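Have a look at structure.txt below; it lists compact mmCIF, C-alpha atoms.
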# COMPACT_ATOMS: atom_id res chain seq x y z
CA ARG A 1364 0.00 0.00 0.00
CA ALA A 1365 2.88 2.34 0.77
CA LEU A 1366 4.19 1.77 -2.74
CA GLU A 1367 0.78 2.65 -4.23
CA LEU A 1368 0.66 5.87 -2.22
CA GLU A 1369 4.13 6.79 -3.40
CA LYS A 1370 3.10 6.25 -7.01
CA LEU A 1371 0.05 8.47 -6.52
CA LYS A 1372 2.27 11.20 -5.09
CA GLU A 1373 4.57 10.94 -8.09
CA ARG A 1374 1.65 11.16 -10.49
CA TYR A 1375 0.31 14.22 -8.68
CA GLN A 1376 3.74 15.85 -8.82
CA SER A 1377 3.87 15.17 -12.56
CA LEU A 1378 0.52 16.90 -13.03
CA LEU A 1379 1.71 19.84 -10.93
CA ASP A 1380 4.94 20.12 -12.93
CA PHE A 1381 2.98 20.01 -16.18
CA CYS A 1382 0.72 22.85 -14.99
CA LYS A 1383 3.79 24.91 -14.16
CA SER A 1384 5.25 24.23 -17.62
CA LEU A 1385 2.01 25.42 -19.25
CA GLN A 1386 2.09 28.61 -17.18
CA ARG A 1387 5.72 29.23 -18.21
CA GLU A 1388 4.74 28.72 -21.81
CA LEU A 1389 1.96 31.28 -21.47
CA LEU A 1390 4.36 33.80 -19.98
CA GLU A 1391 6.84 33.19 -22.77
CA LYS A 1392 4.12 33.61 -25.36
CA THR A 1393 3.00 36.87 -23.74
CA LYS A 1394 6.56 38.12 -23.81
CA LYS A 1395 6.87 37.25 -27.51
CA VAL A 1396 3.63 39.05 -28.31
CA GLU A 1397 4.84 42.12 -26.48
CA GLU A 1398 8.15 41.99 -28.35
CA ALA A 1399 6.30 41.59 -31.64
CA ALA A 1400 4.19 44.65 -30.82
CA VAL A 1401 7.33 46.69 -30.26
CA LEU A 1402 8.83 45.44 -33.51
CA GLU A 1403 5.62 46.20 -35.37
CA GLU A 1404 5.88 49.80 -34.29
CA LYS A 1405 9.28 49.82 -35.95
CA ASP A 1406 7.81 48.21 -39.08
CA ASP A 1407 10.03 45.15 -38.64
CA VAL A 1408 7.69 42.69 -40.39
CA GLY A 1409 10.30 39.98 -40.86
CA GLU A 1410 10.92 39.54 -37.17
CA GLU A 1411 7.14 39.36 -36.54
CA ASP A 1412 6.91 36.48 -38.97
CA ASN A 1413 9.59 34.65 -37.00
CA VAL A 1414 7.51 34.99 -33.83
CA GLU A 1415 4.46 33.53 -35.57
CA GLU A 1416 6.50 30.62 -36.84
CA THR A 1417 7.80 29.93 -33.32
CA ASP A 1418 4.21 29.77 -32.05
CA LYS A 1419 3.35 27.24 -34.73
CA GLU A 1420 6.20 25.02 -33.60
CA THR A 1421 5.16 25.05 -29.91
CA PRO A 1422 3.75 21.58 -29.19
CA ASN A 1423 1.65 22.50 -26.12
CA ILE A 1424 0.08 25.67 -27.53
CA VAL A 1425 -3.48 24.28 -27.48
CA GLN A 1426 -3.06 22.89 -23.97
CA SER A 1427 -1.56 26.13 -22.72
CA GLU A 1428 -4.51 28.10 -24.09
CA GLU A 1429 -6.93 25.71 -22.39
CA TYR A 1430 -4.93 26.11 -19.19
CA LYS A 1431 -5.14 29.88 -19.55
CA GLU A 1432 -8.94 29.81 -19.83
CA ASN A 1433 -9.32 27.35 -16.95
CA LYS A 1434 -7.07 29.52 -14.81
CA ARG A 1435 -8.98 32.69 -15.74
CA ILE A 1436 -12.32 31.27 -14.59
CA LEU A 1437 -10.77 29.62 -11.54
CA ASN A 1438 -9.09 32.84 -10.39
CA LEU A 1439 -12.49 34.56 -10.41
CA ASP A 1440 -14.12 31.74 -8.45
CA LEU A 1441 -11.39 31.25 -5.84
CA VAL A 1442 -11.74 34.77 -4.44
CA ARG A 1443 -15.55 34.41 -4.30
CA THR A 1444 -15.42 31.18 -2.30
CA ASP A 1445 -17.41 31.01 0.93
CA PHE A 1446 -14.92 29.89 3.57
CA SER A 1447 -17.30 30.45 6.50
CA SER A 1448 -17.86 26.75 7.29
CA MET A 1449 -14.25 25.64 6.72
CA SER A 1450 -11.96 24.76 9.61
CA LEU A 1451 -8.78 26.52 8.53
CA SER A 1452 -5.36 25.39 9.72
CA SER A 1453 -1.77 26.22 8.79
CA LEU A 1454 -0.65 24.97 5.38
CA ASP A 1455 2.66 24.17 3.71
CA THR A 1456 4.95 27.21 3.62
CA GLY A 1457 5.90 26.36 0.03
CA LEU A 1458 2.38 27.03 -1.15
CA ASN A 1459 3.06 30.63 -2.19
CA GLU A 1460 5.86 29.67 -4.58
CA ASP A 1461 3.68 27.03 -6.23
CA ALA A 1462 0.79 29.50 -6.50
CA LYS A 1463 3.10 31.96 -8.27
CA ALA A 1464 4.35 29.27 -10.64
CA LEU A 1465 0.77 28.29 -11.47
CA GLY A 1466 -0.46 31.85 -12.04
CA VAL A 1467 -2.98 32.14 -9.19
CA TYR A 1468 -0.95 34.00 -6.55
CA ASP A 1469 -1.44 37.62 -7.62
CA HIS A 1470 -5.21 37.46 -8.11
CA ILE A 1471 -5.75 35.88 -4.69
CA GLU A 1472 -3.40 38.25 -2.88
CA LYS A 1473 -5.33 41.24 -4.26
CA ALA A 1474 -8.52 40.03 -2.56
CA ASP A 1475 -8.21 42.22 0.54
CA TYR A 1476 -11.49 40.96 1.99
CA LEU A 1477 -10.00 37.47 2.47
CA SER A 1478 -8.04 36.66 5.61
CA GLN A 1479 -4.50 35.34 5.25
CA GLU A 1480 -5.68 31.82 6.13
CA GLN A 1481 -8.46 32.03 3.52
CA LYS A 1482 -5.98 33.19 0.89
CA GLN A 1483 -3.76 30.21 1.65
CA TYR A 1484 -6.66 27.79 1.27
CA ALA A 1485 -7.68 29.51 -1.97
CA LYS A 1486 -4.16 28.86 -3.30
CA TYR A 1487 -4.31 25.26 -2.10
CA MET A 1488 -7.66 24.73 -3.82
CA GLY A 1489 -6.30 26.43 -6.93
CA LYS A 1490 -3.43 23.95 -7.10
CA LEU A 1491 -5.78 20.99 -6.80
CA LEU A 1492 -8.23 22.28 -9.39
CA LEU A 1493 -5.60 23.28 -11.98
CA CYS A 1494 -4.05 19.83 -11.63
CA TYR A 1495 -7.49 18.32 -12.13
CA SER A 1496 -8.01 20.42 -15.26
CA VAL A 1497 -5.00 18.75 -16.93
CA HIS A 1498 -5.80 15.35 -15.43
CA ASP A 1499 -9.27 15.45 -17.05
CA PRO A 1500 -8.97 17.78 -20.10
CA PRO A 1501 -12.48 17.07 -21.50
CA THR A 1502 -13.93 18.45 -18.25
CA GLY A 1503 -11.21 20.95 -17.38
CA TYR A 1504 -12.29 23.47 -14.75
CA CYS A 1505 -15.91 24.59 -14.46
CA GLN A 1506 -17.71 26.90 -12.08
CA GLY A 1507 -18.96 24.98 -9.07
CA MET A 1508 -15.85 22.85 -8.62
CA THR A 1509 -14.51 25.16 -5.91
CA ASP A 1510 -17.49 24.10 -3.79
CA LEU A 1511 -16.77 20.45 -4.41
CA VAL A 1512 -13.05 20.59 -3.63
CA GLN A 1513 -13.46 22.42 -0.29
CA PRO A 1514 -14.14 19.33 1.87
CA PHE A 1515 -11.13 17.55 0.41
CA ALA A 1516 -8.88 20.58 0.99
CA GLU A 1517 -10.03 20.73 4.61
CA ILE A 1518 -9.80 17.02 5.42
CA PHE A 1519 -6.50 16.12 3.73
CA GLN A 1520 -3.34 18.01 4.59
CA ASP A 1521 -1.40 15.81 2.15
CA GLU A 1522 -1.94 17.42 -1.26
CA ALA A 1523 -1.58 14.21 -3.25
CA MET A 1524 -4.13 12.40 -1.08
CA SER A 1525 -6.47 15.37 -1.31
CA PHE A 1526 -6.14 15.48 -5.09
CA TRP A 1527 -6.74 11.78 -5.73
CA ALA A 1528 -9.69 11.67 -3.33
CA PHE A 1529 -11.21 14.61 -5.20
CA ALA A 1530 -10.43 13.04 -8.60
CA SER A 1531 -12.17 9.85 -7.48
CA PHE A 1532 -15.23 11.84 -6.39
CA MET A 1533 -15.26 13.60 -9.76
CA LYS A 1534 -15.67 10.29 -11.59
CA THR A 1535 -19.35 10.64 -10.70
CA ALA A 1536 -19.64 14.42 -10.35
CA ARG A 1537 -17.99 15.20 -13.72
CA GLU A 1538 -21.24 14.23 -15.47
CA ASN A 1539 -22.74 17.45 -14.12
CA PHE A 1540 -20.15 19.55 -15.94
CA MET A 1541 -20.66 18.25 -19.49
CA THR A 1542 -21.01 21.11 -21.94
CA ASP A 1543 -24.27 19.69 -23.32
CA GLU A 1544 -25.65 19.45 -19.75
CA SER A 1545 -26.69 15.86 -20.40
CA GLY A 1546 -25.57 14.76 -16.93
CA ILE A 1547 -27.62 17.44 -15.18
CA MET A 1548 -30.65 16.80 -17.39
CA LYS A 1549 -30.50 13.06 -16.70
CA ARG A 1550 -30.67 13.68 -12.95
CA ILE A 1551 -33.44 16.27 -13.34
CA SER A 1552 -35.44 13.74 -15.38
CA LEU A 1553 -35.05 11.15 -12.60
CA ILE A 1554 -36.19 13.66 -9.97
CA LYS A 1555 -39.28 14.41 -12.06
CA LEU A 1556 -39.93 10.69 -12.54
CA VAL A 1557 -39.80 9.88 -8.83
CA ILE A 1558 -41.98 12.84 -7.81
CA SER A 1559 -44.57 12.09 -10.50
CA ASP A 1560 -44.81 8.52 -9.17
CA ILE A 1561 -45.07 9.23 -5.45
CA ALA A 1562 -46.56 12.74 -5.31
CA PRO A 1563 -48.60 13.26 -8.50
CA GLU A 1564 -50.58 16.24 -7.12
CA LEU A 1565 -47.38 18.06 -6.20
CA PHE A 1566 -45.91 17.24 -9.61
CA GLU A 1567 -49.01 18.63 -11.30
CA LYS A 1568 -48.87 21.81 -9.21
CA ILE A 1569 -45.22 22.41 -10.06
CA ASN A 1570 -46.05 22.09 -13.74
CA GLU A 1571 -49.10 24.34 -13.46
CA ILE A 1572 -47.09 27.26 -12.07
CA GLY A 1573 -44.46 26.98 -14.82
CA ALA A 1574 -41.73 25.25 -12.82
CA GLY A 1575 -42.02 21.95 -14.68
CA SER A 1576 -38.44 22.23 -15.96
CA PHE A 1577 -37.34 21.61 -12.33
CA PHE A 1578 -34.42 23.97 -12.94
CA PHE A 1579 -34.77 25.07 -9.32
CA SER A 1580 -32.97 21.80 -8.49
CA TYR A 1581 -30.07 22.60 -10.85
CA ARG A 1582 -27.65 23.94 -8.24
CA MET A 1583 -28.50 21.20 -5.76
CA ILE A 1584 -27.56 18.61 -8.37
CA LEU A 1585 -24.51 20.46 -9.72
CA VAL A 1586 -22.62 20.62 -6.43
CA PHE A 1587 -24.27 17.70 -4.60
CA LEU A 1588 -26.02 20.04 -2.15
CA ARG A 1589 -22.67 21.52 -1.08
CA ARG A 1590 -24.05 25.10 -1.16
CA GLU A 1591 -26.99 24.10 1.02
CA LEU A 1592 -24.87 22.24 3.59
CA SER A 1593 -21.91 23.10 5.79
CA ILE A 1594 -18.69 21.28 4.95
CA LYS A 1595 -19.22 18.98 7.95
CA ASP A 1596 -22.76 18.11 6.86
CA ALA A 1597 -21.77 17.85 3.19
CA THR A 1598 -19.03 15.36 4.08
CA LEU A 1599 -21.52 13.28 6.07
CA PHE A 1600 -24.04 13.40 3.21
CA TRP A 1601 -21.48 12.48 0.53
CA GLU A 1602 -20.23 9.54 2.59
CA THR A 1603 -23.83 8.37 2.85
CA ILE A 1604 -24.25 8.71 -0.93
CA TRP A 1605 -21.16 6.56 -1.55
CA VAL A 1606 -22.34 3.84 0.84
CA GLU A 1607 -25.94 3.81 -0.43
CA ASP A 1608 -24.89 3.74 -4.08
CA LEU A 1609 -22.32 1.01 -3.36
CA PHE A 1610 -25.07 -1.17 -1.89
CA LYS A 1611 -27.17 -0.44 -4.97
CA GLU A 1612 -24.36 -1.69 -7.23
CA LYS A 1613 -23.82 -4.83 -5.14
CA GLU A 1614 -27.53 -5.62 -5.30
CA GLU A 1615 -27.40 -5.03 -9.08
CA LYS A 1616 -30.16 -2.43 -9.04
CA GLY A 1617 -28.83 -0.42 -11.95
CA ASP A 1618 -32.26 0.94 -12.84
CA VAL A 1619 -32.73 2.56 -9.42
CA PRO A 1620 -31.78 6.26 -9.29
CA GLU A 1621 -28.77 7.24 -7.20
CA PHE A 1622 -29.22 8.39 -3.62
CA LEU A 1623 -28.65 12.06 -4.50
CA VAL A 1624 -31.87 12.00 -6.53
CA PHE A 1625 -33.91 10.66 -3.61
CA ALA A 1626 -32.35 13.22 -1.25
CA ILE A 1627 -33.39 16.11 -3.50
CA VAL A 1628 -36.85 14.59 -3.95
CA ALA A 1629 -37.09 14.40 -0.15
CA LEU A 1630 -36.32 18.12 0.12
CA ILE A 1631 -38.95 18.97 -2.48
CA ILE A 1632 -41.69 16.76 -1.00
CA GLU A 1633 -40.96 18.11 2.49
CA ARG A 1634 -42.04 21.51 1.14
CA THR A 1635 -45.27 20.23 -0.41
CA GLN A 1636 -47.57 22.44 1.69
CA PRO A 1637 -45.83 25.78 0.99
CA ILE A 1638 -45.54 24.90 -2.70
CA MET A 1639 -49.22 23.97 -2.94
CA LYS A 1640 -50.45 26.99 -0.95
CA SER A 1641 -47.94 29.80 -1.49
CA CYS A 1642 -46.20 29.31 -4.86
CA SER A 1643 -47.85 30.83 -7.93
CA SER A 1644 -44.85 31.03 -10.25
CA GLU A 1645 -41.49 29.44 -10.94
CA SER A 1646 -39.73 32.36 -9.25
CA ASP A 1647 -41.52 31.53 -5.98
CA VAL A 1648 -40.17 27.98 -6.09
CA VAL A 1649 -36.67 29.15 -7.03
CA HIS A 1650 -36.65 31.57 -4.10
CA MET A 1651 -37.78 28.83 -1.73
CA PHE A 1652 -34.94 26.52 -2.75
CA CYS A 1653 -32.31 29.28 -2.69
CA ASN A 1654 -32.86 29.69 1.04
CA LEU A 1655 -32.93 26.13 2.32
CA LYS A 1656 -32.30 25.18 5.93
CA ILE A 1657 -31.48 21.48 5.97
CA ASN A 1658 -31.27 18.98 8.81
CA VAL A 1659 -28.90 16.55 7.11
CA TRP A 1660 -29.89 13.48 9.17
CA HIS A 1661 -33.59 14.13 8.60
CA MET A 1662 -32.97 14.51 4.86
CA ILE A 1663 -31.06 11.21 4.73
CA GLU A 1664 -33.78 9.32 6.57
CA GLU A 1665 -36.51 10.83 4.39
CA ALA A 1666 -34.52 9.96 1.27
CA ARG A 1667 -34.34 6.34 2.37
CA PHE A 1668 -38.07 6.30 3.11
CA ILE A 1669 -38.91 7.81 -0.28
CA ARG A 1670 -36.65 5.35 -2.08
CA GLU A 1671 -38.43 2.41 -0.43
CA LYS A 1672 -41.83 3.93 -1.21
CA TRP A 1673 -40.87 4.48 -4.85
CA LEU A 1674 -39.51 0.93 -5.16
CA SER A 1675 -42.78 -0.40 -3.72
CA ILE A 1676 -44.87 1.66 -6.17
CA THR A 1677 -42.80 0.71 -9.21
CA ALA A 1678 -42.74 -2.96 -8.19
CA GLY A 1679 -46.53 -2.91 -7.92
CA GLY A 1680 -46.78 -1.30 -11.34
CA ASN A 1681 -44.70 -4.06 -12.85
Write the structure described by the file as structure tokens, please.
Amino acid sequence: RALELEKLKERYQSLLDFCKSLQRELLEKTKKVEEAAVLEEKDDVGEEDNVEETDKETPNIVQSEEYKENKRILNLDLVRTDFSSMSLSSLDTGLNEDAKALGVYDHIEKADYLSQEQKQYAKYMGKLLLCYSVHDPPTGYCQGMTDLVQPFAEIFQDEAMSFWAFASFMKTARENFMTDESGIMKRISLIKLVISDIAPELFEKINEIGAGSFFFSYRMILVFLRRELSIKDATLFWETIWVEDLFKEKEEKGDVPEFLVFAIVALIIERTQPIMKSCSSESDVVHMFCNLKINVWHMIEEARFIREKWLSITAGGN
């Protein structure tokens, strides 16, 4: 096992080194562009052509541009992260140098409203997420991933362990970040299916008031209820998801929706009365689910109850 851990650390270091090489390439390209601009002012067209030819010969140019875009979006998100429920502790003193080499240091340091500890965790999260963007290029970095990486950054002080735990989690969560939104839409469809089966009057009401798209559940699905839960409660809920879905796989119930779906259905059904009596438009429902107060243990128990009820109804229908 020690050998496996060492290999994982080496692989993480390789990803980190690759990110740094892409950042260096971007800086070199910027320098060349600036030099070309100076030469253009002097009407030195020949030298400009040489710069263009050098760009064409750069093997990682596409990857460096993807890295640049991922880093741009990530820098914006890191300084907007809600650190209020994180337990912050001291981090590796070498973090600043890595953050500079990756291109996230300056943007974070300019965020005066963040404490020094929050800035350090933002840099730590930035390292993990930039490494993930080159580990999984089709997904890259997308808004919402800062929420998902927070529990891993808090729990694991070892960066490599934190990264690979997060990468493992993303094997399921990455579906939510597909550009065609097929992963999100699949989960929304399952939520609609379960509610239509066990609470048809509520389902009809939601459709009547124009909320039949169920887009009010979009954020809950995207970040696995991370925004609605503290990091402590989110960790508990995610661990429950993994266990429940593992049992589902062992029992070969592939046609049963994942536990996240039943948890979100539980939250919606719990608010049946206010939806039926007080909601007259989609905006009313959206507002309701943007201000959720969740008892995580109650939600888990209700999700289990709803799953059993749905399985009973569907079994009877068959």
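Nearest to Leu1599 of chain A of all the residues A:Thr1393, A:Met1662, A:Lys1549, A:Ser1580 is A:Met1662, counting only C-alpha atoms.
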Q | Residue nearest Ile1518 of chain A - candidates A:Ile1561, A:Cys1505, A:Lys1595, A:Met1533, atoms counted: only C-alpha atoms | A | A:Lys1595
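Nearest-residue note for Ile1638 of chain A: choosing from A:Lys1434, A:Lys1672, A:Lys1555, A:His1650, the minimum distance belongs to A:His1650, counting all atoms listed in the file.
Nearest to Leu1492 of chain A of all the residues A:Glu1591, A:Glu1472, A:Asp1440, A:Glu1517 is A:Asp1440, counting all atoms listed in the file.
With all atoms listed in the file as the basis for measurement, A:Phe1526 is the residue among A:Phe1515, A:Phe1566, A:Phe1526, A:Trp1673 that approaches Lys1372 of chain A most closely.
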Q) At a cut-off of 12 Å from (2.2, 16.6, -8.2) in the coordinates of the file, what residues are picked up using only C-alpha atoms, written as an MDAnalysis selection string? A) chainID A and resid 1369:1383 1461 1490:1495 1497:1498 1521:1527
Q: List the neighbours of Ser1559 of chain A out to 12 Å using only C-alpha atoms; skip same-chain residues closer than 4 positions along the sequence, and give me the result as a list in words.
A: Ser1552, Leu1553, Ile1554, Lys1555, Pro1563, Glu1564, Leu1565, Phe1566, Glu1567, Lys1568, Ile1569, Asn1570, Gly1575, Val1628, Ile1631, Ile1632, Trp1673, Ile1676 and Thr1677 of chain A
Q: Please tell me which residues are no farther than 9 Å from (-15.3, 16.4, -9.7) in the file, counting only C-alpha atoms, and write them as a ChimeraX atom specification.
A: /A:1495,1502,1508,1511-1512,1529-1540
Q: Compile the contact shell of Ile1436 of chain A as a ChimeraX atom specification: residues with an atom at most 10 Å away, counting all atoms listed in the file, same-chain residues fewer than 5 positions apart removed.
A: /A:1431,1441,1504-1506
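The nearest approach to Asp1596 of chain A among the residues A:Trp1660, A:Tyr1476, A:Phe1446, A:Tyr1468, with only C-alpha atoms taken into account, belongs to A:Trp1660.
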Q: Skip Tyr1484 of chain A itself and residues of its chain fewer than 2 positions away, then list as a VMD selection string all residues within 9 Å of it, counting only C-alpha atoms.
A: chain A and resid 1446 1451 to 1452 1454 1479 to 1482 1486 to 1489 1513 1516 to 1517
Can you pull out the residues contacting Ile1424 of chain A? Cut-off 12 Å, using only C-alpha atoms, and skip same-chain residues under 6 positions away; I want them as a CSV table (one decimal) with C-alpha atoms, in the frame of the given file.
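Output below, filename result_37.csv:
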chain,number,residue,atom,x,y,z
A,1384,SER,CA,5.2,24.2,-17.6
A,1385,LEU,CA,2.0,25.4,-19.2
A,1386,GLN,CA,2.1,28.6,-17.2
A,1387,ARG,CA,5.7,29.2,-18.2
A,1388,GLU,CA,4.7,28.7,-21.8
A,1389,LEU,CA,2.0,31.3,-21.5
A,1390,LEU,CA,4.4,33.8,-20.0
A,1391,GLU,CA,6.8,33.2,-22.8
A,1392,LYS,CA,4.1,33.6,-25.4
A,1417,THR,CA,7.8,29.9,-33.3
A,1418,ASP,CA,4.2,29.8,-32.0
A,1430,TYR,CA,-4.9,26.1,-19.2
A,1431,LYS,CA,-5.1,29.9,-19.6
Q) Interatomic distance between atom CA of Leu1458 of chain A and atom CA of Leu1437 of chain A? A) 17.0 Å
Q | Distance in Å - atom CA of Ala1462 of chain A versus atom CA of Lys1395 of chain A | A | 23.2 Å
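In this model, the gap between atom CA of Val1659 of chain A and atom CA of Leu1592 of chain A comes to 7.8 Å.
Using only C-alpha atoms, the contacts of Phe1587 of chain A at a cut-off of 9 Å, with sequence neighbours closer than 5 positions omitted, comprise Leu1511, Ala1536, Arg1582, Ala1597, Phe1600, Trp1601 and Leu1623 of chain A.
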Atoms to include: C-alpha atoms. Write the selected residues as an mmCIF file, in the coordinates of the input.
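For reference, selection01.cif as written:
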data_model
loop_
_atom_site.group_PDB
_atom_site.id
_atom_site.type_symbol
_atom_site.label_atom_id
_atom_site.label_comp_id
_atom_site.auth_asym_id
_atom_site.auth_seq_id
_atom_site.Cartn_x
_atom_site.Cartn_y
_atom_site.Cartn_z
ATOM 1 C CA LEU A 1511 -16.770 20.450 -4.410
ATOM 2 C CA ALA A 1536 -19.640 14.420 -10.350
ATOM 3 C CA ARG A 1582 -27.650 23.940 -8.240
ATOM 4 C CA ALA A 1597 -21.770 17.850 3.190
ATOM 5 C CA PHE A 1600 -24.040 13.400 3.210
ATOM 6 C CA TRP A 1601 -21.480 12.480 0.530
ATOM 7 C CA LEU A 1623 -28.650 12.060 -4.500
#
